[in-house]
Amino acid sequence: MPEETAAPHEPEILGSSPRMTPNGNEGPIGKPSETCYRRAIFTSGPVMTARTATLIGFCAILLWSTLALFTAMSGRVPPFQLVAMTFIIGGLLILAITALRGQLSRIRPTPASFALGLYGPFGDTALYYAAVKTAPPAEANLIHYLWPLLIVLFAALLPGGVLKPRHLVGALIGLVATGLLVSGGLGAGGGLALGHILAALGAFVWASYSVASRRFANVPSESLCITVLGCAVPALACHLAFESTLWSLTAVEWGGVLGLGLGSIGLAFVVWDIGMKQGDVALLGVASYAAPVLSTLILVLFGYAPASWLLAASCALIVVGALVASGGGRKG
């Protein structure tokens with residue numbers, strides 16, 4: 001099929017007319033086809049396939065695998081101050097990339113997409129920080145990582161979406177791997193705490209945000225710079241209301257803040273947005289279970305956690321779950 005290129009001097013919007021394939025035929029939103037989509041955000045090529053968008057979405061998972069390391073490196077920085085700082089850095093990064101590409105005309109979000117952004121990135125981050133402060137961190141982290149499974153299930157709610165048995169099986173294998181990785185947490189007998197509920201709410205918020213973002217495929221991903229910067233406002237307000245500002249950061253703490261802002265908040269949000277809008281939502285949800293495993297591998301590498309057979313077993317299950325969900329490389 002010949003590739004469709006954009007008309008000169010008329011840059012096209014990411015995911016514009018999401019139900020239309022390049023040949024003008026209707027196409028489902030929930031299950032992306034292998035046909036070419038219109039020009040993608042933050043790429044120089046004229047077209048993008050659903051497979052390419054999914055691969056771009058995988059980059060967010062890799063970036064999020066550094067989340068635990070950089071968070072640990074941030075040390076004494078108060079939670080809401082950390083959210084505000086990293087969101088400002090991330091928003092400015094997206095804005096700078098957009099300016100360098102001459103696409104500043106596309107940074108304006110719609111009111112609905114801006115509201116969704118406040119609901120997702122800020123809501124989930126605030127709930128997660130609150131969860132780890134009111135429940136054992138391992139338990140809160142395990143419950144919060146229900147969001148990939150929820151994404152796989154919510155994908156069936158998209159128009160044209162099809163939840164296949166292999167997606168469910170792969171997601172459940174991933175859940176077992178995550179539980180094995182942090183085993184000893186919920187079995188510690190501490191009972192239900194407020195943090196457990198907050199972590200579950202955070203999982204629901206991020207999963208529903210990720211799937212709902214596909215409804216805004218006509219909104220350019222460049223607009224995330226305004227949305228992310230906007231998320232810093234309530235974070236800063238909460239910081240000023242409940243925390244004391246800490247500016248005497250060590251070099252390691254600044255490294256953690258910059259790593260979070262440039263990676264986990266900046267680039268990660270953009271590539272995840274592309275994956276959710278034009279990629280395979282269910283497969284990305286299953287692959288997200290790699291994040292806690294990769295994160296632990298990095299912690300071991302940098303001496304923040306000991307290596308164990310549980311880690312090796314979890315990694316093996318992640319691979320099996322991904323293979324099951326992807327159908328062993330088969331299409332369909």
# chains A, B, ... in the order shown; residues from 1 in each chain; ligands from 1

call {"tool": "select_by_dssp", "arguments": {"residues": "range 127-219 of chain A", "states": "helix (DSSP H, G or I)", "output": "count of residues only"}}
result
70

call {"tool": "closest_atom_pairs", "arguments": {"of": "range 43-75 of chain A", "to": "range 246-258 of chain A", "cutoff": "9 Å", "atoms": "only C-alpha atoms", "output": "tab-separated table"}}
result
residue	atom	partner	partner_atom	distance
A:Leu69	CA	A:Gly256	CA	7.7
A:Phe70	CA	A:Gly256	CA	4.2
A:Thr71	CA	A:Gly256	CA	6.1
A:Ala72	CA	A:Gly256	CA	7.4
A:Met73	CA	A:Gly256	CA	4.7
A:Ser74	CA	A:Glu253	CA	4.1
A:Gly75	CA	A:Glu253	CA	5.9

call {"tool": "residues_around", "arguments": {"residues": "Leu310 in chain A", "least_positions_apart": "2", "cutoff": "7 Å", "atoms": "only C-alpha atoms", "output": "PyMOL selection string"}}
result
chain A and resi 180-181+308+312-314

call {"tool": "write_last_selection", "arguments": {"atoms": "C-alpha atoms", "output": "compact mmCIF listing (two decimals), in the first residue's frame"}}
result
# COMPACT_ATOMS: atom_id res chain seq x y z
CA LEU A 180 6.31 -13.11 43.59
CA LEU A 181 8.74 -10.21 43.31
CA SER A 308 17.66 -13.39 44.83
CA ALA A 312 15.09 -14.44 38.53
CA ALA A 313 11.75 -16.27 38.72
CA SER A 314 9.82 -13.03 38.34

call {"tool": "closest_residue", "arguments": {"among": "A:Ile107, A:Leu118, A:Leu284, A:Leu163", "to": "Cys59 in chain A", "atoms": "only C-alpha atoms"}}
result
A:Leu284

call {"tool": "closest_residue", "arguments": {"among": "A:His239, A:Arg106, A:Lys133, A:His196", "to": "Ser223 in chain A", "atoms": "only C-alpha atoms"}}
result
A:Arg106

call {"tool": "closest_residue", "arguments": {"among": "A:Gln81, A:Val271, A:Ala140, A:Ala325", "to": "Leu283 in chain A", "atoms": "only C-alpha atoms"}}
result
A:Ala325

call {"tool": "atom_distance", "arguments": {"atom1": "CA of Phe87 in chain A", "atom2": "CA of Ala99 in chain A"}}
result
18.0 Å

call {"tool": "atom_distance", "arguments": {"atom1": "CA of Ala126 in chain A", "atom2": "CA of Gly259 in chain A"}}
result
18.6 Å

call {"tool": "atom_distance", "arguments": {"atom1": "CA of Phe204 in chain A", "atom2": "CA of Leu146 in chain A"}}
result
8.1 Å

call {"tool": "residues_around", "arguments": {"residues": "Ala112 in chain A", "least_positions_apart": "2", "cutoff": "12 Å", "atoms": "only C-alpha atoms", "output": "PDB file with N, CA and C atoms, in the first residue's frame"}}
result
ATOM      1  N   ARG A 108      -1.527  23.632  22.506  1.00  0.00           N
ATOM      2  CA  ARG A 108      -2.737  23.952  23.262  1.00  0.00           C
ATOM      3  C   ARG A 108      -3.614  22.716  23.426  1.00  0.00           C
ATOM      4  N   PRO A 109      -3.848  22.269  24.666  1.00  0.00           N
ATOM      5  CA  PRO A 109      -4.750  21.136  24.875  1.00  0.00           C
ATOM      6  C   PRO A 109      -6.201  21.590  24.845  1.00  0.00           C
ATOM      7  N   THR A 110      -7.095  20.666  24.621  1.00  0.00           N
ATOM      8  CA  THR A 110      -8.510  20.992  24.756  1.00  0.00           C
ATOM      9  C   THR A 110      -8.850  20.994  26.245  1.00  0.00           C
ATOM     10  N   PHE A 114      -7.038  18.493  28.951  1.00  0.00           N
ATOM     11  CA  PHE A 114      -6.304  19.076  30.077  1.00  0.00           C
ATOM     12  C   PHE A 114      -6.847  18.538  31.401  1.00  0.00           C
ATOM     13  N   ALA A 115      -8.169  18.452  31.496  1.00  0.00           N
ATOM     14  CA  ALA A 115      -8.788  17.904  32.709  1.00  0.00           C
ATOM     15  C   ALA A 115      -8.390  16.449  32.908  1.00  0.00           C
ATOM     16  N   LEU A 116      -8.348  15.694  31.803  1.00  0.00           N
ATOM     17  CA  LEU A 116      -7.936  14.294  31.892  1.00  0.00           C
ATOM     18  C   LEU A 116      -6.489  14.196  32.363  1.00  0.00           C
ATOM     19  N   GLY A 117      -5.643  15.125  31.904  1.00  0.00           N
ATOM     20  CA  GLY A 117      -4.254  15.130  32.333  1.00  0.00           C
ATOM     21  C   GLY A 117      -4.101  15.409  33.821  1.00  0.00           C
ATOM     22  N   LEU A 118      -4.909  16.318  34.340  1.00  0.00           N
ATOM     23  CA  LEU A 118      -4.874  16.588  35.777  1.00  0.00           C
ATOM     24  C   LEU A 118      -5.364  15.368  36.555  1.00  0.00           C
ATOM     25  N   TYR A 119      -6.358  14.696  36.019  1.00  0.00           N
ATOM     26  CA  TYR A 119      -6.888  13.500  36.667  1.00  0.00           C
ATOM     27  C   TYR A 119      -5.857  12.384  36.714  1.00  0.00           C
ATOM     28  N   ALA A 212      -8.540   6.027  28.548  1.00  0.00           N
ATOM     29  CA  ALA A 212      -9.371   7.158  28.113  1.00  0.00           C
ATOM     30  C   ALA A 212      -8.608   8.107  27.194  1.00  0.00           C
ATOM     31  N   SER A 213      -7.276   8.158  27.316  1.00  0.00           N
ATOM     32  CA  SER A 213      -6.496   9.060  26.477  1.00  0.00           C
ATOM     33  C   SER A 213      -6.635   8.716  25.004  1.00  0.00           C
ATOM     34  N   ARG A 215      -9.320   8.276  23.549  1.00  0.00           N
ATOM     35  CA  ARG A 215     -10.454   9.061  23.076  1.00  0.00           C
ATOM     36  C   ARG A 215     -10.025  10.444  22.577  1.00  0.00           C
ATOM     37  N   PHE A 216      -8.804  10.848  22.933  1.00  0.00           N
ATOM     38  CA  PHE A 216      -8.310  12.163  22.544  1.00  0.00           C
ATOM     39  C   PHE A 216      -7.166  12.027  21.548  1.00  0.00           C
ATOM     40  N   ASN A 218      -7.065  12.905  18.646  1.00  0.00           N
ATOM     41  CA  ASN A 218      -6.945  14.088  17.789  1.00  0.00           C
ATOM     42  C   ASN A 218      -6.209  15.230  18.475  1.00  0.00           C
ATOM     43  N   VAL A 219      -5.869  15.053  19.751  1.00  0.00           N
ATOM     44  CA  VAL A 219      -5.143  16.092  20.487  1.00  0.00           C
ATOM     45  C   VAL A 219      -3.649  15.813  20.385  1.00  0.00           C
ATOM     46  N   THR A 227      -0.184  20.526  29.838  1.00  0.00           N
ATOM     47  CA  THR A 227      -0.871  19.693  30.826  1.00  0.00           C
ATOM     48  C   THR A 227       0.047  19.357  31.993  1.00  0.00           C
TER      49      THR A 227
END

call {"tool": "closest_residue", "arguments": {"among": "A:Leu150, A:Ala131, A:Leu104, A:Ala155", "to": "Pro220 in chain A", "atoms": "only C-alpha atoms"}}
result
A:Leu104

call {"tool": "closest_residue", "arguments": {"among": "A:Phe269, A:Tyr209, A:Tyr129, A:Phe122", "to": "Ile94 in chain A", "atoms": "only C-alpha atoms"}}
result
A:Phe269

call {"tool": "closest_residue", "arguments": {"among": "A:Ala53, A:Ile89, A:Ala203, A:Val152", "to": "Gly120 in chain A", "atoms": "only C-alpha atoms"}}
result
A:Ala203
